[in-house]
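Colleague: My structure file run-v3.cif, mmCIF, N, CA and C atoms and all ligand atoms, is below:
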data_final
loop_
_atom_site.label_atom_id
_atom_site.label_comp_id
_atom_site.auth_asym_id
_atom_site.auth_seq_id
_atom_site.Cartn_x
_atom_site.Cartn_y
_atom_site.Cartn_z
N MET A 25 -12.87 0.43 -9.73
CA MET A 25 -13.06 -0.57 -10.77
C MET A 25 -12.66 -1.95 -10.24
N GLU A 26 -13.53 -2.89 -10.40
CA GLU A 26 -13.27 -4.21 -9.85
C GLU A 26 -12.41 -5.03 -10.82
N ILE A 27 -11.35 -5.57 -10.29
CA ILE A 27 -10.47 -6.38 -11.13
C ILE A 27 -10.88 -7.85 -11.01
N LYS A 28 -11.15 -8.42 -12.17
CA LYS A 28 -11.55 -9.82 -12.21
C LYS A 28 -10.46 -10.60 -12.93
N LYS A 29 -10.62 -11.89 -12.87
CA LYS A 29 -9.67 -12.74 -13.59
C LYS A 29 -10.35 -13.28 -14.84
N CYS A 30 -9.63 -13.21 -15.94
CA CYS A 30 -10.17 -13.79 -17.16
C CYS A 30 -10.33 -15.28 -16.93
N LYS A 31 -11.53 -15.78 -17.24
CA LYS A 31 -11.77 -17.20 -16.98
C LYS A 31 -11.06 -18.09 -17.99
N PHE A 32 -10.51 -17.48 -19.01
CA PHE A 32 -9.83 -18.29 -20.02
C PHE A 32 -8.33 -18.35 -19.79
N CYS A 33 -7.71 -17.20 -19.51
CA CYS A 33 -6.26 -17.20 -19.36
C CYS A 33 -5.80 -16.77 -17.98
N GLY A 34 -6.73 -16.32 -17.14
CA GLY A 34 -6.37 -15.96 -15.78
C GLY A 34 -5.78 -14.58 -15.62
N ALA A 35 -5.69 -13.83 -16.70
CA ALA A 35 -5.12 -12.49 -16.63
C ALA A 35 -6.09 -11.56 -15.89
N PRO A 36 -5.54 -10.57 -15.18
CA PRO A 36 -6.43 -9.61 -14.52
C PRO A 36 -7.13 -8.72 -15.55
N ILE A 37 -8.42 -8.65 -15.44
CA ILE A 37 -9.20 -7.84 -16.39
C ILE A 37 -10.19 -6.98 -15.64
N VAL A 38 -10.63 -5.95 -16.31
CA VAL A 38 -11.70 -5.12 -15.77
C VAL A 38 -12.81 -5.07 -16.82
N TRP A 39 -14.03 -4.95 -16.36
CA TRP A 39 -15.16 -4.85 -17.29
C TRP A 39 -15.52 -3.37 -17.39
N LEU A 40 -15.38 -2.85 -18.56
CA LEU A 40 -15.72 -1.45 -18.78
C LEU A 40 -17.01 -1.39 -19.58
N LYS A 41 -17.85 -0.47 -19.16
CA LYS A 41 -19.10 -0.30 -19.89
C LYS A 41 -18.83 0.66 -21.04
N THR A 42 -19.07 0.20 -22.24
CA THR A 42 -18.82 1.06 -23.38
C THR A 42 -20.02 1.97 -23.61
N GLN A 43 -19.83 2.89 -24.55
CA GLN A 43 -20.87 3.88 -24.81
C GLN A 43 -22.19 3.25 -25.22
N ASN A 44 -22.11 2.12 -25.91
CA ASN A 44 -23.38 1.50 -26.31
C ASN A 44 -23.94 0.58 -25.22
N GLY A 45 -23.42 0.73 -24.01
CA GLY A 45 -24.02 0.04 -22.87
C GLY A 45 -23.57 -1.39 -22.68
N ARG A 46 -22.61 -1.81 -23.48
CA ARG A 46 -22.17 -3.20 -23.35
C ARG A 46 -20.88 -3.26 -22.54
N ALA A 47 -20.81 -4.24 -21.69
CA ALA A 47 -19.60 -4.42 -20.89
C ALA A 47 -18.55 -5.12 -21.73
N MET A 48 -17.35 -4.61 -21.63
CA MET A 48 -16.27 -5.16 -22.45
C MET A 48 -15.10 -5.51 -21.54
N PRO A 49 -14.60 -6.73 -21.67
CA PRO A 49 -13.45 -7.08 -20.85
C PRO A 49 -12.18 -6.41 -21.38
N CYS A 50 -11.45 -5.78 -20.50
CA CYS A 50 -10.21 -5.09 -20.88
C CYS A 50 -9.12 -5.49 -19.92
N ASP A 51 -7.90 -5.37 -20.39
CA ASP A 51 -6.77 -5.63 -19.52
C ASP A 51 -6.81 -4.64 -18.36
N ALA A 52 -6.53 -5.16 -17.18
CA ALA A 52 -6.64 -4.31 -15.98
C ALA A 52 -5.62 -3.17 -15.99
N ASP A 53 -4.50 -3.39 -16.64
CA ASP A 53 -3.49 -2.34 -16.67
C ASP A 53 -3.81 -1.32 -17.75
N ALA A 54 -3.87 -0.09 -17.33
CA ALA A 54 -4.12 0.98 -18.30
C ALA A 54 -2.91 1.12 -19.20
N VAL A 55 -3.18 1.46 -20.45
CA VAL A 55 -2.08 1.65 -21.40
C VAL A 55 -2.13 3.08 -21.92
N LYS A 56 -0.99 3.54 -22.36
CA LYS A 56 -0.92 4.84 -23.01
C LYS A 56 -1.13 4.61 -24.50
N TYR A 57 -1.89 5.48 -25.10
CA TYR A 57 -2.21 5.26 -26.51
C TYR A 57 -2.06 6.55 -27.30
N GLN A 58 -1.91 6.32 -28.58
CA GLN A 58 -1.98 7.42 -29.53
C GLN A 58 -3.17 7.13 -30.42
N GLU A 59 -4.08 8.08 -30.48
CA GLU A 59 -5.29 7.87 -31.26
C GLU A 59 -4.90 7.71 -32.74
N ASN A 60 -5.45 6.68 -33.35
CA ASN A 60 -5.08 6.36 -34.72
C ASN A 60 -6.19 5.51 -35.31
N TYR A 61 -6.95 6.12 -36.23
CA TYR A 61 -8.10 5.39 -36.76
C TYR A 61 -7.69 4.16 -37.56
N LYS A 62 -6.41 4.12 -37.93
CA LYS A 62 -5.92 2.93 -38.62
C LYS A 62 -5.24 1.96 -37.65
N GLY A 63 -5.23 2.33 -36.39
CA GLY A 63 -4.55 1.53 -35.39
C GLY A 63 -5.16 0.14 -35.26
N LYS A 64 -4.33 -0.78 -34.85
CA LYS A 64 -4.82 -2.16 -34.74
C LYS A 64 -5.35 -2.44 -33.34
N ASP A 65 -5.19 -1.50 -32.45
CA ASP A 65 -5.62 -1.73 -31.08
C ASP A 65 -6.95 -1.02 -30.81
N VAL A 66 -7.77 -1.69 -30.05
CA VAL A 66 -9.04 -1.10 -29.64
C VAL A 66 -8.88 -0.71 -28.19
N ILE A 67 -9.08 0.55 -27.93
CA ILE A 67 -8.90 1.08 -26.57
C ILE A 67 -10.25 1.56 -26.05
N VAL A 68 -10.52 1.16 -24.83
CA VAL A 68 -11.73 1.65 -24.18
C VAL A 68 -11.30 2.69 -23.16
N LEU A 69 -11.88 3.85 -23.29
CA LEU A 69 -11.54 4.92 -22.36
C LEU A 69 -12.42 4.81 -21.11
N SER A 70 -11.97 5.47 -20.08
CA SER A 70 -12.69 5.34 -18.81
C SER A 70 -14.12 5.88 -18.90
N ASP A 71 -14.38 6.73 -19.91
CA ASP A 71 -15.75 7.23 -20.05
C ASP A 71 -16.60 6.36 -20.97
N GLY A 72 -16.04 5.21 -21.37
CA GLY A 72 -16.81 4.28 -22.18
C GLY A 72 -16.63 4.44 -23.67
N LYS A 73 -15.86 5.42 -24.06
CA LYS A 73 -15.60 5.63 -25.48
C LYS A 73 -14.68 4.52 -25.99
N VAL A 74 -15.00 3.98 -27.16
CA VAL A 74 -14.15 2.96 -27.76
C VAL A 74 -13.48 3.58 -28.97
N ILE A 75 -12.17 3.52 -28.99
CA ILE A 75 -11.44 4.15 -30.09
C ILE A 75 -10.42 3.18 -30.68
N LYS A 76 -10.05 3.49 -31.89
CA LYS A 76 -8.95 2.78 -32.54
C LYS A 76 -7.68 3.56 -32.23
N ALA A 77 -6.67 2.85 -31.83
CA ALA A 77 -5.46 3.55 -31.43
C ALA A 77 -4.27 2.61 -31.54
N THR A 78 -3.14 3.18 -31.32
CA THR A 78 -1.92 2.40 -31.24
C THR A 78 -1.40 2.54 -29.82
N VAL A 79 -1.16 1.39 -29.22
CA VAL A 79 -0.66 1.42 -27.85
C VAL A 79 0.78 1.92 -27.89
N VAL A 80 1.07 2.85 -27.03
CA VAL A 80 2.41 3.43 -26.96
C VAL A 80 3.16 2.75 -25.83
N ASN A 81 4.26 2.20 -26.19
CA ASN A 81 5.11 1.58 -25.17
C ASN A 81 6.24 2.56 -24.84
N PRO A 82 6.16 3.19 -23.69
CA PRO A 82 7.17 4.21 -23.37
C PRO A 82 8.57 3.63 -23.26
N ASN A 83 8.65 2.34 -23.04
CA ASN A 83 9.96 1.73 -22.92
C ASN A 83 10.42 1.12 -24.24
N GLY A 84 9.70 1.46 -25.29
CA GLY A 84 10.01 0.84 -26.57
C GLY A 84 11.27 1.37 -27.21
N GLY A 85 11.82 2.43 -26.67
CA GLY A 85 13.03 3.00 -27.26
C GLY A 85 12.70 3.84 -28.47
N GLY A 86 13.68 4.51 -29.00
CA GLY A 86 13.47 5.36 -30.16
C GLY A 86 12.66 6.58 -29.79
N LEU A 87 12.02 7.14 -30.80
CA LEU A 87 11.22 8.33 -30.55
C LEU A 87 9.95 7.95 -29.80
N THR A 88 9.65 8.70 -28.80
CA THR A 88 8.42 8.45 -28.07
C THR A 88 7.29 9.17 -28.78
N PRO A 89 6.31 8.40 -29.27
CA PRO A 89 5.20 9.06 -29.98
C PRO A 89 4.37 9.90 -29.02
N ILE A 90 3.62 10.78 -29.61
CA ILE A 90 2.74 11.62 -28.79
C ILE A 90 1.68 10.73 -28.14
N ILE A 91 1.50 10.95 -26.89
CA ILE A 91 0.52 10.15 -26.16
C ILE A 91 -0.75 10.98 -26.00
N ASP A 92 -1.83 10.39 -26.48
CA ASP A 92 -3.11 11.12 -26.42
C ASP A 92 -3.81 10.90 -25.09
N GLY A 93 -3.50 9.82 -24.44
CA GLY A 93 -4.17 9.58 -23.18
C GLY A 93 -3.97 8.15 -22.72
N GLU A 94 -4.73 7.80 -21.72
CA GLU A 94 -4.65 6.46 -21.18
C GLU A 94 -6.00 5.77 -21.32
N GLY A 95 -5.93 4.52 -21.62
CA GLY A 95 -7.16 3.77 -21.74
C GLY A 95 -6.89 2.31 -21.45
N TYR A 96 -7.86 1.53 -21.76
CA TYR A 96 -7.75 0.10 -21.48
C TYR A 96 -7.89 -0.66 -22.79
N ILE A 97 -6.97 -1.57 -22.96
CA ILE A 97 -6.97 -2.33 -24.21
C ILE A 97 -7.95 -3.50 -24.09
N SER A 98 -8.70 -3.73 -25.15
CA SER A 98 -9.66 -4.83 -25.14
C SER A 98 -8.93 -6.15 -24.85
N HIS A 99 -9.45 -6.87 -23.91
CA HIS A 99 -8.77 -8.12 -23.55
C HIS A 99 -8.86 -9.16 -24.66
N PHE A 100 -9.83 -9.01 -25.54
CA PHE A 100 -9.94 -9.95 -26.65
C PHE A 100 -8.67 -9.92 -27.49
N ALA A 101 -8.02 -8.76 -27.50
CA ALA A 101 -6.83 -8.60 -28.32
C ALA A 101 -5.62 -9.26 -27.67
N THR A 102 -5.63 -9.36 -26.35
CA THR A 102 -4.43 -9.86 -25.68
C THR A 102 -4.62 -11.22 -25.05
N CYS A 103 -5.84 -11.67 -24.96
CA CYS A 103 -6.11 -12.94 -24.29
C CYS A 103 -5.38 -14.06 -25.04
N THR A 104 -4.64 -14.84 -24.26
CA THR A 104 -3.91 -15.93 -24.90
C THR A 104 -4.85 -17.08 -25.26
N HIS A 105 -6.05 -17.01 -24.75
CA HIS A 105 -7.04 -18.04 -25.07
C HIS A 105 -8.21 -17.41 -25.83
N ALA A 106 -7.86 -16.44 -26.64
CA ALA A 106 -8.92 -15.67 -27.31
C ALA A 106 -9.84 -16.56 -28.14
N ASP A 107 -9.28 -17.60 -28.73
CA ASP A 107 -10.12 -18.47 -29.56
C ASP A 107 -11.22 -19.12 -28.73
N GLU A 108 -10.83 -19.54 -27.52
CA GLU A 108 -11.83 -20.15 -26.66
C GLU A 108 -12.83 -19.11 -26.18
N ALA A 109 -12.31 -17.91 -25.93
CA ALA A 109 -13.19 -16.86 -25.44
C ALA A 109 -14.23 -16.49 -26.48
N ARG A 110 -13.80 -16.54 -27.74
CA ARG A 110 -14.74 -16.18 -28.80
C ARG A 110 -15.74 -17.28 -29.06
N GLN A 111 -15.30 -18.54 -28.82
CA GLN A 111 -16.21 -19.67 -29.05
C GLN A 111 -16.38 -20.42 -27.75
N PRO A 112 -17.17 -19.86 -26.87
CA PRO A 112 -17.31 -20.49 -25.56
C PRO A 112 -17.93 -21.87 -25.63
N ARG A 113 -18.78 -22.08 -26.56
CA ARG A 113 -19.42 -23.40 -26.65
C ARG A 113 -18.88 -24.13 -27.86
N ARG A 114 -17.95 -25.03 -27.57
CA ARG A 114 -17.38 -25.78 -28.68
C ARG A 114 -17.93 -27.19 -28.62
N THR A 115 -18.50 -27.62 -29.69
CA THR A 115 -19.05 -28.97 -29.72
C THR A 115 -18.30 -29.78 -30.76
N ASP A 116 -18.11 -31.05 -30.45
CA ASP A 116 -17.40 -31.91 -31.38
C ASP A 116 -18.30 -32.36 -32.52
N SER A 117 -19.58 -32.47 -32.21
CA SER A 117 -20.50 -32.90 -33.26
C SER A 117 -20.85 -31.70 -34.14
N PRO A 118 -20.93 -31.94 -35.40
CA PRO A 118 -21.30 -30.82 -36.28
C PRO A 118 -22.70 -30.31 -35.96
N ALA A 119 -22.89 -29.06 -36.24
CA ALA A 119 -24.20 -28.47 -35.98
C ALA A 119 -25.26 -29.23 -36.75
N PRO A 120 -26.39 -29.51 -36.11
CA PRO A 120 -27.43 -30.25 -36.84
C PRO A 120 -27.88 -29.46 -38.07
N SER A 121 -27.85 -30.16 -39.18
CA SER A 121 -28.24 -29.46 -40.41
C SER A 121 -29.76 -29.32 -40.44
N ALA A 122 -30.18 -28.34 -41.13
CA ALA A 122 -31.61 -28.10 -41.22
C ALA A 122 -32.29 -29.29 -41.87
N PRO A 123 -33.47 -29.69 -41.37
CA PRO A 123 -34.15 -30.83 -41.97
C PRO A 123 -34.41 -30.58 -43.46
N GLU A 124 -34.29 -31.67 -44.20
CA GLU A 124 -34.46 -31.55 -45.65
C GLU A 124 -35.86 -31.01 -45.97
N GLN A 125 -35.87 -30.08 -46.84
CA GLN A 125 -37.15 -29.47 -47.18
C GLN A 125 -37.90 -30.38 -48.15
N LYS A 126 -38.98 -30.91 -47.66
CA LYS A 126 -39.81 -31.76 -48.52
C LYS A 126 -41.07 -30.97 -48.86
N PRO A 127 -41.52 -31.11 -50.08
CA PRO A 127 -42.75 -30.38 -50.40
C PRO A 127 -43.90 -30.92 -49.58
N ALA A 128 -44.74 -30.06 -49.12
CA ALA A 128 -45.87 -30.47 -48.30
C ALA A 128 -46.75 -31.40 -49.13
N PRO A 129 -47.24 -32.49 -48.51
CA PRO A 129 -48.10 -33.40 -49.29
C PRO A 129 -49.36 -32.66 -49.73
N THR A 130 -49.73 -32.93 -50.96
CA THR A 130 -50.92 -32.26 -51.47
C THR A 130 -52.09 -33.23 -51.49
N TYR A 131 -53.19 -32.78 -51.07
CA TYR A 131 -54.39 -33.59 -51.07
C TYR A 131 -55.35 -32.96 -52.06
N PRO A 132 -56.10 -33.79 -52.74
CA PRO A 132 -57.08 -33.20 -53.65
C PRO A 132 -58.08 -32.37 -52.87
N ASP A 133 -58.42 -31.29 -53.45
CA ASP A 133 -59.36 -30.40 -52.77
C ASP A 133 -60.77 -30.95 -52.95
N PRO A 134 -61.42 -31.33 -51.84
CA PRO A 134 -62.75 -31.94 -51.99
C PRO A 134 -63.74 -30.99 -52.65
N ASP A 135 -63.54 -29.69 -52.49
CA ASP A 135 -64.46 -28.73 -53.09
C ASP A 135 -64.33 -28.69 -54.60
N ALA A 136 -63.18 -29.15 -55.09
CA ALA A 136 -62.96 -29.09 -56.53
C ALA A 136 -63.85 -30.08 -57.26
N GLY A 137 -64.24 -31.16 -56.60
CA GLY A 137 -65.19 -32.09 -57.21
C GLY A 137 -64.56 -33.13 -58.10
N ASP A 138 -63.50 -32.79 -58.79
CA ASP A 138 -62.93 -33.70 -59.79
C ASP A 138 -62.47 -35.03 -59.19
N TYR A 139 -61.91 -34.96 -58.01
CA TYR A 139 -61.38 -36.16 -57.39
C TYR A 139 -62.48 -37.19 -57.19
N TYR A 140 -63.60 -36.73 -56.64
CA TYR A 140 -64.69 -37.65 -56.38
C TYR A 140 -65.42 -38.01 -57.66
N ALA A 141 -65.46 -37.07 -58.58
CA ALA A 141 -66.13 -37.34 -59.85
C ALA A 141 -65.53 -38.58 -60.52
N ASP A 142 -64.18 -38.65 -60.45
CA ASP A 142 -63.52 -39.83 -61.03
C ASP A 142 -63.97 -41.10 -60.32
N LEU A 143 -64.06 -41.01 -58.98
CA LEU A 143 -64.47 -42.19 -58.22
C LEU A 143 -65.89 -42.60 -58.60
N TYR A 144 -66.79 -41.61 -58.76
CA TYR A 144 -68.17 -41.92 -59.12
C TYR A 144 -68.23 -42.56 -60.49
N ALA A 145 -67.41 -42.02 -61.41
CA ALA A 145 -67.38 -42.57 -62.76
C ALA A 145 -66.95 -44.03 -62.72
N MET A 146 -65.92 -44.29 -61.90
CA MET A 146 -65.44 -45.67 -61.81
C MET A 146 -66.50 -46.57 -61.19
N ALA A 147 -67.19 -46.07 -60.17
CA ALA A 147 -68.21 -46.86 -59.51
C ALA A 147 -69.37 -47.14 -60.47
N LYS A 148 -69.74 -46.12 -61.27
CA LYS A 148 -70.81 -46.29 -62.25
C LYS A 148 -70.44 -47.34 -63.27
N ALA A 149 -69.16 -47.24 -63.74
CA ALA A 149 -68.67 -48.19 -64.73
C ALA A 149 -68.70 -49.60 -64.16
N ALA A 150 -68.30 -49.69 -62.88
CA ALA A 150 -68.26 -51.00 -62.24
C ALA A 150 -69.66 -51.57 -62.12
N SER A 151 -70.65 -50.72 -61.79
CA SER A 151 -72.01 -51.22 -61.63
C SER A 151 -72.57 -51.64 -62.98
N LYS A 152 -72.17 -50.90 -64.05
CA LYS A 152 -72.62 -51.28 -65.38
C LYS A 152 -72.10 -52.66 -65.74
N GLU A 153 -70.82 -52.89 -65.40
CA GLU A 153 -70.20 -54.18 -65.67
C GLU A 153 -71.00 -55.29 -64.97
N ARG A 154 -71.37 -54.99 -63.71
CA ARG A 154 -72.07 -55.99 -62.92
C ARG A 154 -73.44 -56.29 -63.56
N ARG A 155 -74.08 -55.21 -64.06
CA ARG A 155 -75.40 -55.39 -64.63
C ARG A 155 -75.36 -56.33 -65.84
N LYS A 156 -74.24 -56.23 -66.58
CA LYS A 156 -74.11 -57.08 -67.75
C LYS A 156 -74.22 -58.55 -67.40
N TRP A 157 -73.69 -58.82 -66.21
CA TRP A 157 -73.70 -60.25 -65.87
C TRP A 157 -75.09 -60.63 -65.49
ZN ZN B 201 -8.00 -13.99 -21.24
#
Translate this structure into structure tokens?
Modeller:
Amino acid sequence: MEIKKCKFCGAPIVWLKTQNGRAMPCDADAVKYQENYKGKDVIVLSDGKVIKATVVNPNGGGLTPIIDGEGYISHFATCTHADEARQPRRTDSPAPSAPEQKPAPTYPDPDAGDYYADLYAMAKAASKERRKW
């Protein structure tokens, strides 16, 4: 497994391919975990399985919980620059708002006839006026 450096915080990370074929950055150090669907930690197993678990710290003192196995914790959870990692493209200007929706200009339908009929009526009226003179 190739160890890379997180471009945000510089921590050593490994890219694990998850079951759905997506590469996920994880902390390079494997952790011991206890499987726990309510766990706050996301663990990627070496076979690409992604599970919810609680990371077990063997040096945590007290009762040592049952360890289900070893996996890699998602680096998104531990990255000290996670906010930047999640929003790689930060722009100071607000996102351009969608152009205002204006109703499309309507033109009289020449096939309808009415538009031109009015013009003809006006022209006829105008010619009648002229004839009077
Ligand atoms: Zn990082």
Colleague: Please, which residues have at least one atom within 5 Å of an atom of ligand ZN 201 (chain B), using all atoms listed in the file, listed as a PyMOL selection string?
Modeller: chain A and resi 30+32-34+103-104
Colleague: For the residues in the current selection, export N, CA and C atoms as a PDB file, in the coordinates of the input.
Modeller:
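Resulting contents of out_10.pdb:
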ATOM      1  N   CYS A  30      -9.630 -13.210 -15.940  1.00  0.00           N
ATOM      2  CA  CYS A  30     -10.170 -13.790 -17.160  1.00  0.00           C
ATOM      3  C   CYS A  30     -10.330 -15.280 -16.930  1.00  0.00           C
ATOM      4  N   PHE A  32     -10.510 -17.480 -19.010  1.00  0.00           N
ATOM      5  CA  PHE A  32      -9.830 -18.290 -20.020  1.00  0.00           C
ATOM      6  C   PHE A  32      -8.330 -18.350 -19.790  1.00  0.00           C
ATOM      7  N   CYS A  33      -7.710 -17.200 -19.510  1.00  0.00           N
ATOM      8  CA  CYS A  33      -6.260 -17.200 -19.360  1.00  0.00           C
ATOM      9  C   CYS A  33      -5.800 -16.770 -17.980  1.00  0.00           C
ATOM     10  N   GLY A  34      -6.730 -16.320 -17.140  1.00  0.00           N
ATOM     11  CA  GLY A  34      -6.370 -15.960 -15.780  1.00  0.00           C
ATOM     12  C   GLY A  34      -5.780 -14.580 -15.620  1.00  0.00           C
ATOM     13  N   CYS A 103      -5.840 -11.670 -24.960  1.00  0.00           N
ATOM     14  CA  CYS A 103      -6.110 -12.940 -24.290  1.00  0.00           C
ATOM     15  C   CYS A 103      -5.380 -14.060 -25.040  1.00  0.00           C
ATOM     16  N   THR A 104      -4.640 -14.840 -24.260  1.00  0.00           N
ATOM     17  CA  THR A 104      -3.910 -15.930 -24.900  1.00  0.00           C
ATOM     18  C   THR A 104      -4.850 -17.080 -25.260  1.00  0.00           C
TER      19      THR A 104
END
Colleague: What's the separation between atom N of Pro89 of chain A and atom C of Tyr57 of chain A, in Å to one decimal place?
Modeller: 8.8 Å
Colleague: Identify, on the basis of only C-alpha atoms, every residue whose closest approach to Leu40 of chain A does not exceed 10 Å; exclude the query and any residue fewer than 5 positions from it along the same chain; express the result as a list in words.
Modeller: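 Counting only the stated atoms, we get Met25, Glu26, Gly45, Arg46, Ala47, Met48, Pro49, Cys50, Asp51, Ala52, Val68, Leu69, Ser70, Asp71, Gly72, Lys73, Tyr96 and Ser98 of chain A.
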Colleague: To one decimal place, how far is atom N of Ile97 of chain A from atom C of Lys64 of chain A in Å?
Modeller: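 Going from atom N of Ile97 of chain A over to atom C of Lys64 of chain A, I get 10.5 Å.
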Colleague: Could you tell me how far atom CA of Phe100 of chain A sits from atom N of Leu87 of chain A, in Å to one decimal place?
Modeller: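 For atom N of Leu87 of chain A relative to atom CA of Phe100 of chain A, the distance reads 28.1 Å.
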Colleague: Report, as AutoDock Vina command-line options, the centre and edge lengths in Å (one decimal) of the axis-aligned box enclosing every listed atom of segment 58-68 of chain A, padded by 4 Å on each side.
Modeller:
--center_x -6.8 --center_y 2.8 --center_z -30.9 --size_x 17.8 --size_y 18.5 --size_z 23.5
Colleague: Nearest residue to Val55 of chain A out of A:Thr88, A:Thr42, A:Thr78, A:Ser151, using only N, CA and C atoms?
Modeller: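 Of the candidates, the smallest distance to Val55 of chain A is held by A:Thr78.
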